[in-house]
2 protein chains.
Amino acid sequence: MELKRRGLMYIMSSPSGAGKTTITRALLKNNQDMILSISATTRKRRAGEVHGQDYYFVDTTEFDHMVNDGEMLEYAKVFGNYYGTPRKPVEDALSQGKDVIFDIDWQGTQQIAEIAREDLVTVFILPPSQSALEDRLRKRSRTTLESDTDIRGRMAKASDELSHYTEYDYVIVNQNIDETITKAQLILDVERIKRHRMIGLADFVRGLKNGL
Amino acid sequence: MELKRRGLMYIMSSPSGAGKTTITRALLKNNQDMILSISATTRKRRAGEVHGQDYYFVDTTEFDHMVNDGEMLEYAKVFGNYYGTPRKPVEDALSQGKDVIFDIDWQGTQQIAEIAREDLVTVFILPPSQSALEDRLRKRSRTTLESDTDIRGRMAKASDELSHYTEYDYVIVNQNIDETITKAQLILDVERIKRHRMIGLADFVRGLKNGL
């Protein structure tokens, strides 16, 4: 008796600086079959970023084309730049029973939830304290030589993001990164065995009922 | 940072003979804080059954009183006898953050889902094969000296129960009892950390946002 299942979309959101990137990388390492959804963006490539790995860097014309041709699962404008999720890699993975992990914000999550709620598992990562959040936001701004306006913008974005935690299936307070990764993995393990993702169950039950 | 949570109702249903009782007992042993919901019934007490442990054995007049006074969370008639879940022990446990495990059929599950869907986690246990199911149904009938009519009734009930698997959150095919218990425990662990069961999250997030 071998039952297959449909893949799931595993969305991790959090305010900047809550540890989301570390968690996403750990999950990808632990789950060889899972793929990372890579966003397309019109934002300029930063030093160290790789096209097709961190983002697909495209210009506004190309981005518009992708949106108009229905090639985006979701998209949004953040700080004057567009970000979007190309549809095809995600749909191919799901139908092959593979899971896809997303590192996107509440705007993208809302849009995907509208079209594919049943395939979605959403996790919101919270920092353990206000000081931890502020430390991370300031440290990040020092390393990238941001202006005061950029820092204020990032803080406003973090505050805005925080207010959307109520829209997520799970909330993890990231007090200890290893425990958080363990929890995120457990959630994935359990969500994978949910009834509505199983394929072939109707036939299996019909077999059980034969002769009763 | 200490967040509390609301308890959950963990419902295990299955056709007779799929191993549900063994799984329920193992979960109660592993989770000291969890309580078992004990049904009230008008069915006659069998040898070895203990009042207040296996069932609350009541007469039809008393059962009717409980229903009319709103003391039943759900009730149903099965094989000419009434079965119901007393409401108070369940509500007390949930508000104290304790989980309650239920060994009830699809009729009870549907009724509880109507009034408390958010507090509910439902698992359907399937036997691994038709022969395993039939073996268990026949073995049980031999030990309790049932008539042919009783056996046919039990089989019809099993077939009826099987057709309701689609109404459950999780389906576990019980191929190996230890693996099944592990899965049932994982489901419990993950459902416990769902966002909507957490108490105090709004205050915690308000604290994070102060000063941003």
# chains A, B, ... in the order shown; residues from 1 in each chain; ligands from 1

$ closest_atom_pairs --of "chain A" --to "chain B" --cutoff "8 Å" --atoms "only C-alpha atoms" --output "CSV"
residue,atom,partner,partner_atom,distance
A:Met1,CA,B:Pro128,CA,7.7
A:Pro128,CA,B:Met1,CA,7.7
A:Ser129,CA,B:Leu208,CA,6.1
A:Gln130,CA,B:Leu208,CA,4.4
A:Leu133,CA,B:Leu208,CA,7.7
A:Glu134,CA,B:Leu212,CA,7.8
A:Met155,CA,B:Leu212,CA,5.7
A:Ala156,CA,B:Leu212,CA,6.7
A:Ala158,CA,B:Leu212,CA,7.9
A:Ser159,CA,B:Lys209,CA,5.8
A:Leu162,CA,B:Val205,CA,7.0
A:Ser163,CA,B:Val205,CA,7.7
A:Thr166,CA,B:Arg195,CA,7.6
A:Tyr168,CA,B:Arg195,CA,7.1
A:Asp169,CA,B:Arg195,CA,5.7
A:Tyr170,CA,B:Arg195,CA,4.6
A:Val171,CA,B:Arg195,CA,5.3
A:Lys183,CA,B:Val190,CA,7.9
A:Leu186,CA,B:Val190,CA,6.7
A:Ile187,CA,B:Val190,CA,5.7
A:Val190,CA,B:Ile187,CA,5.8
A:Ile193,CA,B:Tyr170,CA,6.8
A:Lys194,CA,B:Tyr170,CA,4.7
A:Arg195,CA,B:Tyr170,CA,4.6
A:His196,CA,B:Asp169,CA,7.6
A:Val205,CA,B:Leu162,CA,7.0
A:Gly207,CA,B:Gln130,CA,6.8
A:Leu208,CA,B:Gln130,CA,4.4
A:Lys209,CA,B:Ser159,CA,5.8
A:Asn210,CA,B:Gln130,CA,7.5
A:Leu212,CA,B:Met155,CA,5.7

$ write_last_selection --atoms "N, CA and C atoms" --output "PDB file, in the first residue's frame"
ATOM      1  N   MET A   1       0.844  -1.201   0.000  1.00  0.00           N
ATOM      2  CA  MET A   1       0.000   0.000   0.000  1.00  0.00           C
ATOM      3  C   MET A   1       0.879   1.251   0.000  1.00  0.00           C
ATOM      4  N   PRO A 128      12.275  37.303  19.503  1.00  0.00           N
ATOM      5  CA  PRO A 128      11.932  37.038  20.904  1.00  0.00           C
ATOM      6  C   PRO A 128      11.646  38.299  21.719  1.00  0.00           C
ATOM      7  N   SER A 129      12.152  39.443  21.267  1.00  0.00           N
ATOM      8  CA  SER A 129      11.957  40.680  22.036  1.00  0.00           C
ATOM      9  C   SER A 129      12.130  41.892  21.134  1.00  0.00           C
ATOM     10  N   GLN A 130      11.658  43.028  21.662  1.00  0.00           N
ATOM     11  CA  GLN A 130      11.778  44.276  20.909  1.00  0.00           C
ATOM     12  C   GLN A 130      13.247  44.632  20.680  1.00  0.00           C
ATOM     13  N   LEU A 133      14.850  42.579  17.931  1.00  0.00           N
ATOM     14  CA  LEU A 133      14.407  43.034  16.607  1.00  0.00           C
ATOM     15  C   LEU A 133      15.148  44.304  16.205  1.00  0.00           C
ATOM     16  N   GLU A 134      15.224  45.276  17.127  1.00  0.00           N
ATOM     17  CA  GLU A 134      15.892  46.539  16.813  1.00  0.00           C
ATOM     18  C   GLU A 134      17.381  46.337  16.533  1.00  0.00           C
ATOM     19  N   MET A 155      12.171  49.985   9.304  1.00  0.00           N
ATOM     20  CA  MET A 155      11.460  49.823  10.584  1.00  0.00           C
ATOM     21  C   MET A 155       9.939  49.906  10.389  1.00  0.00           C
ATOM     22  N   ALA A 156       9.525  50.827   9.537  1.00  0.00           N
ATOM     23  CA  ALA A 156       8.085  50.949   9.266  1.00  0.00           C
ATOM     24  C   ALA A 156       7.571  49.658   8.617  1.00  0.00           C
ATOM     25  N   ALA A 158       8.878  46.664   8.996  1.00  0.00           N
ATOM     26  CA  ALA A 158       8.865  45.622  10.031  1.00  0.00           C
ATOM     27  C   ALA A 158       7.599  45.741  10.877  1.00  0.00           C
ATOM     28  N   SER A 159       7.239  46.967  11.220  1.00  0.00           N
ATOM     29  CA  SER A 159       6.057  47.193  12.034  1.00  0.00           C
ATOM     30  C   SER A 159       4.792  46.768  11.283  1.00  0.00           C
ATOM     31  N   LEU A 162       4.642  42.941  11.087  1.00  0.00           N
ATOM     32  CA  LEU A 162       4.246  42.352  12.375  1.00  0.00           C
ATOM     33  C   LEU A 162       2.727  42.301  12.548  1.00  0.00           C
ATOM     34  N   SER A 163       2.066  43.339  12.052  1.00  0.00           N
ATOM     35  CA  SER A 163       0.620  43.416  12.298  1.00  0.00           C
ATOM     36  C   SER A 163      -0.161  42.347  11.529  1.00  0.00           C
ATOM     37  N   THR A 166      -1.609  37.552  12.410  1.00  0.00           N
ATOM     38  CA  THR A 166      -2.897  36.854  12.612  1.00  0.00           C
ATOM     39  C   THR A 166      -3.381  36.091  11.383  1.00  0.00           C
ATOM     40  N   TYR A 168      -1.605  33.978   9.683  1.00  0.00           N
ATOM     41  CA  TYR A 168      -0.767  32.797   9.464  1.00  0.00           C
ATOM     42  C   TYR A 168      -1.267  31.590  10.262  1.00  0.00           C
ATOM     43  N   ASP A 169      -0.989  30.383   9.731  1.00  0.00           N
ATOM     44  CA  ASP A 169      -1.415  29.153  10.403  1.00  0.00           C
ATOM     45  C   ASP A 169      -0.652  28.922  11.710  1.00  0.00           C
ATOM     46  N   TYR A 170       0.647  29.212  11.673  1.00  0.00           N
ATOM     47  CA  TYR A 170       1.512  28.972  12.824  1.00  0.00           C
ATOM     48  C   TYR A 170       2.333  30.224  13.106  1.00  0.00           C
ATOM     49  N   VAL A 171       2.586  30.459  14.390  1.00  0.00           N
ATOM     50  CA  VAL A 171       3.503  31.525  14.787  1.00  0.00           C
ATOM     51  C   VAL A 171       4.588  30.886  15.639  1.00  0.00           C
ATOM     52  N   LYS A 183      10.931  22.993  15.180  1.00  0.00           N
ATOM     53  CA  LYS A 183       9.487  23.213  15.097  1.00  0.00           C
ATOM     54  C   LYS A 183       9.025  23.358  13.649  1.00  0.00           C
ATOM     55  N   LEU A 186       8.906  19.983  12.117  1.00  0.00           N
ATOM     56  CA  LEU A 186       7.767  19.192  12.604  1.00  0.00           C
ATOM     57  C   LEU A 186       6.475  19.608  11.908  1.00  0.00           C
ATOM     58  N   ILE A 187       6.297  20.914  11.785  1.00  0.00           N
ATOM     59  CA  ILE A 187       5.104  21.429  11.109  1.00  0.00           C
ATOM     60  C   ILE A 187       5.037  20.860   9.691  1.00  0.00           C
ATOM     61  N   VAL A 190       4.113  17.101   9.638  1.00  0.00           N
ATOM     62  CA  VAL A 190       2.711  16.820   9.946  1.00  0.00           C
ATOM     63  C   VAL A 190       1.785  17.328   8.834  1.00  0.00           C
ATOM     64  N   ILE A 193       1.182  14.977   5.940  1.00  0.00           N
ATOM     65  CA  ILE A 193       0.306  13.806   6.033  1.00  0.00           C
ATOM     66  C   ILE A 193      -1.166  14.187   6.201  1.00  0.00           C
ATOM     67  N   LYS A 194      -1.504  15.441   5.948  1.00  0.00           N
ATOM     68  CA  LYS A 194      -2.914  15.828   6.034  1.00  0.00           C
ATOM     69  C   LYS A 194      -3.719  15.102   4.958  1.00  0.00           C
ATOM     70  N   ARG A 195      -4.940  14.756   5.341  1.00  0.00           N
ATOM     71  CA  ARG A 195      -5.794  13.966   4.450  1.00  0.00           C
ATOM     72  C   ARG A 195      -5.929  14.563   3.060  1.00  0.00           C
ATOM     73  N   HIS A 196      -6.172  15.876   2.989  1.00  0.00           N
ATOM     74  CA  HIS A 196      -6.514  16.457   1.690  1.00  0.00           C
ATOM     75  C   HIS A 196      -5.333  16.502   0.721  1.00  0.00           C
ATOM     76  N   VAL A 205      -9.883   3.117   0.186  1.00  0.00           N
ATOM     77  CA  VAL A 205     -11.035   2.875   1.058  1.00  0.00           C
ATOM     78  C   VAL A 205     -12.076   2.016   0.349  1.00  0.00           C
ATOM     79  N   GLY A 207     -11.444  -0.321  -1.675  1.00  0.00           N
ATOM     80  CA  GLY A 207     -10.910  -1.691  -1.525  1.00  0.00           C
ATOM     81  C   GLY A 207     -11.224  -2.286  -0.164  1.00  0.00           C
ATOM     82  N   LEU A 208     -11.104  -1.455   0.884  1.00  0.00           N
ATOM     83  CA  LEU A 208     -11.395  -1.933   2.250  1.00  0.00           C
ATOM     84  C   LEU A 208     -12.855  -2.332   2.400  1.00  0.00           C
ATOM     85  N   LYS A 209     -13.747  -1.605   1.709  1.00  0.00           N
ATOM     86  CA  LYS A 209     -15.178  -1.824   1.882  1.00  0.00           C
ATOM     87  C   LYS A 209     -15.696  -3.022   1.100  1.00  0.00           C
ATOM     88  N   ASN A 210     -14.928  -3.447   0.091  1.00  0.00           N
ATOM     89  CA  ASN A 210     -15.351  -4.595  -0.712  1.00  0.00           C
ATOM     90  C   ASN A 210     -15.594  -5.795   0.186  1.00  0.00           C
ATOM     91  N   LEU A 212     -17.538  -6.125   2.742  1.00  0.00           N
ATOM     92  CA  LEU A 212     -18.103  -5.876   4.072  1.00  0.00           C
ATOM     93  C   LEU A 212     -19.624  -5.841   3.975  1.00  0.00           C
TER      94      LEU A 212
END

$ calpha_fit_and_write --fixed "chain A" --moving "chain B" --output "mmCIF file with C-alpha atoms, in the first residue's frame"
data_model
loop_
_atom_site.group_PDB
_atom_site.id
_atom_site.type_symbol
_atom_site.label_atom_id
_atom_site.label_comp_id
_atom_site.auth_asym_id
_atom_site.auth_seq_id
_atom_site.Cartn_x
_atom_site.Cartn_y
_atom_site.Cartn_z
ATOM 1 C CA MET B 1 -0.029 -0.002 -0.056
ATOM 2 C CA GLU B 2 1.770 3.112 -1.279
ATOM 3 C CA LEU B 3 -0.076 6.412 -1.157
ATOM 4 C CA LYS B 4 1.225 9.444 -2.988
ATOM 5 C CA ARG B 5 0.640 13.032 -1.992
ATOM 6 C CA ARG B 6 0.448 16.463 -3.499
ATOM 7 C CA GLY B 7 3.257 18.887 -2.644
ATOM 8 C CA LEU B 8 2.629 21.880 -0.416
ATOM 9 C CA MET B 9 3.667 25.525 -0.426
ATOM 10 C CA TYR B 10 5.477 26.368 2.796
ATOM 11 C CA ILE B 11 5.491 30.099 3.362
ATOM 12 C CA MET B 12 7.765 31.682 5.950
ATOM 13 C CA SER B 13 7.149 35.344 6.694
ATOM 14 C CA SER B 14 8.575 37.583 9.377
ATOM 15 C CA PRO B 15 9.760 41.109 9.959
ATOM 16 C CA SER B 16 13.296 41.607 8.708
ATOM 17 C CA GLY B 17 15.755 40.384 11.311
ATOM 18 C CA ALA B 18 13.778 37.561 12.936
ATOM 19 C CA GLY B 19 16.005 34.770 11.562
ATOM 20 C CA LYS B 20 13.869 33.669 8.638
ATOM 21 C CA THR B 21 16.705 33.215 6.135
ATOM 22 C CA THR B 22 18.649 30.908 8.472
ATOM 23 C CA ILE B 23 15.531 28.802 9.048
ATOM 24 C CA THR B 24 14.724 28.578 5.327
ATOM 25 C CA ARG B 25 18.281 27.443 4.510
ATOM 26 C CA ALA B 26 18.220 24.794 7.240
ATOM 27 C CA LEU B 27 14.906 23.405 5.974
ATOM 28 C CA LEU B 28 16.210 23.243 2.403
ATOM 29 C CA LYS B 29 19.272 21.339 3.635
ATOM 30 C CA ASN B 30 17.135 18.876 5.670
ATOM 31 C CA ASN B 31 14.593 18.285 2.889
ATOM 32 C CA GLN B 32 16.477 17.483 -0.307
ATOM 33 C CA ASP B 33 13.299 17.195 -2.339
ATOM 34 C CA MET B 34 12.034 20.629 -1.391
ATOM 35 C CA ILE B 35 12.693 23.553 -3.699
ATOM 36 C CA LEU B 36 13.038 27.256 -2.940
ATOM 37 C CA SER B 37 10.746 29.603 -4.814
ATOM 38 C CA ILE B 38 12.953 32.292 -6.337
ATOM 39 C CA SER B 39 11.256 35.656 -6.800
ATOM 40 C CA ALA B 40 11.604 37.912 -9.800
ATOM 41 C CA THR B 41 12.341 41.548 -8.980
ATOM 42 C CA THR B 42 12.937 44.881 -10.663
ATOM 43 C CA ARG B 43 15.196 45.945 -7.782
ATOM 44 C CA LYS B 44 18.881 46.488 -8.645
ATOM 45 C CA ARG B 45 21.196 43.579 -7.974
ATOM 46 C CA ARG B 46 23.352 44.145 -4.866
ATOM 47 C CA ALA B 47 26.995 43.057 -4.522
ATOM 48 C CA GLY B 48 27.154 39.300 -3.919
ATOM 49 C CA GLU B 49 23.657 38.548 -5.216
ATOM 50 C CA VAL B 50 23.389 35.953 -7.978
ATOM 51 C CA HIS B 51 20.765 36.009 -10.757
ATOM 52 C CA GLY B 52 18.639 32.841 -10.614
ATOM 53 C CA GLN B 53 19.760 32.070 -7.071
ATOM 54 C CA ASP B 54 18.848 35.080 -4.918
ATOM 55 C CA TYR B 55 16.404 36.594 -7.414
ATOM 56 C CA TYR B 56 15.631 36.707 -11.085
ATOM 57 C CA PHE B 57 16.663 40.292 -11.848
ATOM 58 C CA VAL B 58 14.432 41.639 -14.592
ATOM 59 C CA ASP B 59 13.561 45.101 -15.909
ATOM 60 C CA THR B 60 10.124 46.680 -15.531
ATOM 61 C CA THR B 61 9.096 45.848 -19.121
ATOM 62 C CA GLU B 62 9.873 42.165 -18.631
ATOM 63 C CA PHE B 63 8.150 42.140 -15.231
ATOM 64 C CA ASP B 64 5.008 43.690 -16.743
ATOM 65 C CA HIS B 65 5.018 41.058 -19.499
ATOM 66 C CA MET B 66 5.184 38.250 -16.911
ATOM 67 C CA VAL B 67 2.269 39.733 -14.978
ATOM 68 C CA ASN B 68 0.136 40.293 -18.092
ATOM 69 C CA ASP B 69 0.834 36.779 -19.402
ATOM 70 C CA GLY B 70 -0.381 35.254 -16.102
ATOM 71 C CA GLU B 71 3.099 33.964 -15.276
ATOM 72 C CA MET B 72 3.080 35.382 -11.734
ATOM 73 C CA LEU B 73 1.509 33.575 -8.812
ATOM 74 C CA GLU B 74 1.611 36.860 -6.867
ATOM 75 C CA TYR B 75 3.399 40.184 -7.048
ATOM 76 C CA ALA B 76 3.668 43.392 -5.063
ATOM 77 C CA LYS B 77 5.492 46.717 -4.981
ATOM 78 C CA VAL B 78 7.807 47.213 -1.992
ATOM 79 C CA PHE B 79 9.972 50.341 -1.563
ATOM 80 C CA GLY B 80 9.309 51.316 -5.179
ATOM 81 C CA ASN B 81 10.407 47.971 -6.646
ATOM 82 C CA TYR B 82 8.326 45.055 -7.899
ATOM 83 C CA TYR B 83 8.668 41.536 -6.521
ATOM 84 C CA GLY B 84 6.804 38.505 -7.818
ATOM 85 C CA THR B 85 6.689 34.700 -7.763
ATOM 86 C CA PRO B 86 6.966 32.944 -11.145
ATOM 87 C CA ARG B 87 4.146 30.415 -11.354
ATOM 88 C CA LYS B 88 5.540 27.525 -13.423
ATOM 89 C CA PRO B 89 8.335 26.165 -11.171
ATOM 90 C CA VAL B 90 5.877 26.087 -8.258
ATOM 91 C CA GLU B 91 3.083 24.281 -10.090
ATOM 92 C CA ASP B 92 5.495 21.740 -11.587
ATOM 93 C CA ALA B 93 6.926 20.910 -8.162
ATOM 94 C CA LEU B 94 3.522 20.564 -6.465
ATOM 95 C CA SER B 95 2.145 18.184 -9.084
ATOM 96 C CA GLN B 96 5.277 16.022 -8.684
ATOM 97 C CA GLY B 97 4.632 15.765 -4.936
ATOM 98 C CA LYS B 98 7.494 18.131 -4.094
ATOM 99 C CA ASP B 99 7.201 20.925 -1.567
ATOM 100 C CA VAL B 100 8.133 24.523 -2.295
ATOM 101 C CA ILE B 101 9.379 26.918 0.364
ATOM 102 C CA PHE B 102 8.721 30.671 0.061
ATOM 103 C CA ASP B 103 10.389 33.586 1.779
ATOM 104 C CA ILE B 104 7.754 36.247 1.033
ATOM 105 C CA ASP B 105 5.860 38.935 2.906
ATOM 106 C CA TRP B 106 2.202 39.213 3.935
ATOM 107 C CA GLN B 107 1.180 40.759 0.590
ATOM 108 C CA GLY B 108 2.394 37.757 -1.393
ATOM 109 C CA THR B 109 0.971 35.359 1.178
ATOM 110 C CA GLN B 110 -2.489 36.927 0.928
ATOM 111 C CA GLN B 111 -2.480 36.666 -2.863
ATOM 112 C CA ILE B 112 -1.390 33.016 -2.912
ATOM 113 C CA ALA B 113 -3.947 32.207 -0.188
ATOM 114 C CA GLU B 114 -6.684 33.561 -2.446
ATOM 115 C CA ILE B 115 -5.895 31.145 -5.260
ATOM 116 C CA ALA B 116 -4.445 28.076 -3.512
ATOM 117 C CA ARG B 117 -5.416 28.031 0.180
ATOM 118 C CA GLU B 118 -5.517 24.225 0.323
ATOM 119 C CA ASP B 119 -1.913 23.844 -0.847
ATOM 120 C CA LEU B 120 -0.634 26.430 1.595
ATOM 121 C CA VAL B 121 1.005 26.174 5.008
ATOM 122 C CA THR B 122 1.977 29.519 6.477
ATOM 123 C CA VAL B 123 4.386 30.242 9.322
ATOM 124 C CA PHE B 124 5.148 33.605 10.875
ATOM 125 C CA ILE B 125 8.455 33.965 12.725
ATOM 126 C CA LEU B 126 8.540 36.469 15.587
ATOM 127 C CA PRO B 127 11.694 37.844 17.196
ATOM 128 C CA PRO B 128 11.915 37.049 20.929
ATOM 129 C CA SER B 129 11.943 40.695 22.048
ATOM 130 C CA GLN B 130 11.774 44.288 20.900
ATOM 131 C CA SER B 131 15.486 44.819 21.557
ATOM 132 C CA ALA B 132 16.429 41.719 19.525
ATOM 133 C CA LEU B 133 14.407 43.036 16.608
ATOM 134 C CA GLU B 134 15.887 46.545 16.801
ATOM 135 C CA ASP B 135 19.432 45.187 17.129
ATOM 136 C CA ARG B 136 19.020 43.132 13.969
ATOM 137 C CA LEU B 137 17.451 45.965 12.020
ATOM 138 C CA ARG B 138 20.279 48.370 12.978
ATOM 139 C CA LYS B 139 23.075 45.862 12.431
ATOM 140 C CA ARG B 140 21.787 45.114 8.958
ATOM 141 C CA SER B 141 21.661 48.813 8.111
ATOM 142 C CA ARG B 142 25.306 49.323 9.214
ATOM 143 C CA THR B 143 26.607 46.556 6.961
ATOM 144 C CA THR B 144 24.802 47.855 3.892
ATOM 145 C CA LEU B 145 25.564 51.572 4.449
ATOM 146 C CA GLU B 146 21.926 52.574 4.382
ATOM 147 C CA SER B 147 20.702 56.119 4.898
ATOM 148 C CA ASP B 148 18.521 57.141 7.855
ATOM 149 C CA THR B 149 15.573 57.214 5.503
ATOM 150 C CA ASP B 150 16.275 53.604 4.493
ATOM 151 C CA ILE B 151 16.468 52.533 8.146
ATOM 152 C CA ARG B 152 13.221 54.297 9.014
ATOM 153 C CA GLY B 153 11.607 52.679 5.982
ATOM 154 C CA ARG B 154 12.811 49.262 7.092
ATOM 155 C CA MET B 155 11.445 49.803 10.601
ATOM 156 C CA ALA B 156 8.080 50.945 9.253
ATOM 157 C CA LYS B 157 8.019 47.832 7.042
ATOM 158 C CA ALA B 158 8.841 45.607 10.042
ATOM 159 C CA SER B 159 6.034 47.189 12.062
ATOM 160 C CA ASP B 160 3.604 46.764 9.159
ATOM 161 C CA GLU B 161 4.680 43.129 8.667
ATOM 162 C CA LEU B 162 4.223 42.359 12.391
ATOM 163 C CA SER B 163 0.589 43.420 12.311
ATOM 164 C CA HIS B 164 -0.214 40.593 9.875
ATOM 165 C CA TYR B 165 0.782 37.656 12.105
ATOM 166 C CA THR B 166 -2.920 36.851 12.640
ATOM 167 C CA GLU B 167 -3.238 35.694 9.023
ATOM 168 C CA TYR B 168 -0.780 32.790 9.476
ATOM 169 C CA ASP B 169 -1.432 29.150 10.420
ATOM 170 C CA TYR B 170 1.499 28.972 12.843
ATOM 171 C CA VAL B 171 3.493 31.531 14.803
ATOM 172 C CA ILE B 172 6.929 30.635 16.150
ATOM 173 C CA VAL B 173 8.712 32.922 18.589
ATOM 174 C CA ASN B 174 12.364 32.486 17.628
ATOM 175 C CA GLN B 175 13.989 32.349 21.062
ATOM 176 C CA ASN B 176 16.439 29.623 20.078
ATOM 177 C CA ILE B 177 17.292 29.070 16.426
ATOM 178 C CA ASP B 178 17.742 25.270 16.726
ATOM 179 C CA GLU B 179 14.402 24.845 18.481
ATOM 180 C CA THR B 180 12.743 27.050 15.891
ATOM 181 C CA ILE B 181 14.170 24.952 13.035
ATOM 182 C CA THR B 182 12.984 21.769 14.774
ATOM 183 C CA LYS B 183 9.475 23.220 15.119
ATOM 184 C CA ALA B 184 9.397 24.359 11.489
ATOM 185 C CA GLN B 185 10.445 20.842 10.417
ATOM 186 C CA LEU B 186 7.766 19.188 12.617
ATOM 187 C CA ILE B 187 5.097 21.428 11.117
ATOM 188 C CA LEU B 188 6.249 20.384 7.649
ATOM 189 C CA ASP B 189 6.241 16.668 8.589
ATOM 190 C CA VAL B 190 2.710 16.810 9.955
ATOM 191 C CA GLU B 191 1.237 19.029 7.244
ATOM 192 C CA ARG B 192 2.559 16.553 4.674
ATOM 193 C CA ILE B 193 0.309 13.803 6.034
ATOM 194 C CA LYS B 194 -2.901 15.830 6.038
ATOM 195 C CA ARG B 195 -5.771 13.959 4.452
ATOM 196 C CA HIS B 196 -6.507 16.454 1.690
ATOM 197 C CA ARG B 197 -2.964 16.157 0.290
ATOM 198 C CA MET B 198 -3.140 12.359 -0.041
ATOM 199 C CA ILE B 199 -3.671 10.902 -3.503
ATOM 200 C CA GLY B 200 -5.349 7.518 -4.004
ATOM 201 C CA LEU B 201 -7.193 7.381 -0.696
ATOM 202 C CA ALA B 202 -10.645 6.987 -2.285
ATOM 203 C CA ASP B 203 -9.512 3.861 -4.170
ATOM 204 C CA PHE B 204 -7.846 2.466 -1.075
ATOM 205 C CA VAL B 205 -11.007 2.859 1.034
ATOM 206 C CA ARG B 206 -13.139 1.372 -1.749
ATOM 207 C CA GLY B 207 -10.878 -1.706 -1.576
ATOM 208 C CA LEU B 208 -11.357 -1.960 2.201
ATOM 209 C CA LYS B 209 -15.130 -1.826 1.836
ATOM 210 C CA ASN B 210 -15.327 -4.609 -0.773
ATOM 211 C CA GLY B 211 -17.021 -7.582 0.775
ATOM 212 C CA LEU B 212 -18.092 -5.876 4.019
#

$ select_by_dssp --residues "region 58-156 of chain A" --states "strand (DSSP E)" --output "VMD selection string"
chain A and resid 72 to 78 81 to 86 100 to 103 120 to 126

$ select_by_dssp --residues "chain B" --states "helix (DSSP H, G or I)" --output "NGL selection string"
:B and (20-30 or 60-68 or 87-95 or 106-119 or 130-143 or 148-162 or 165-167 or 177-192 or 195-197 or 201-209)
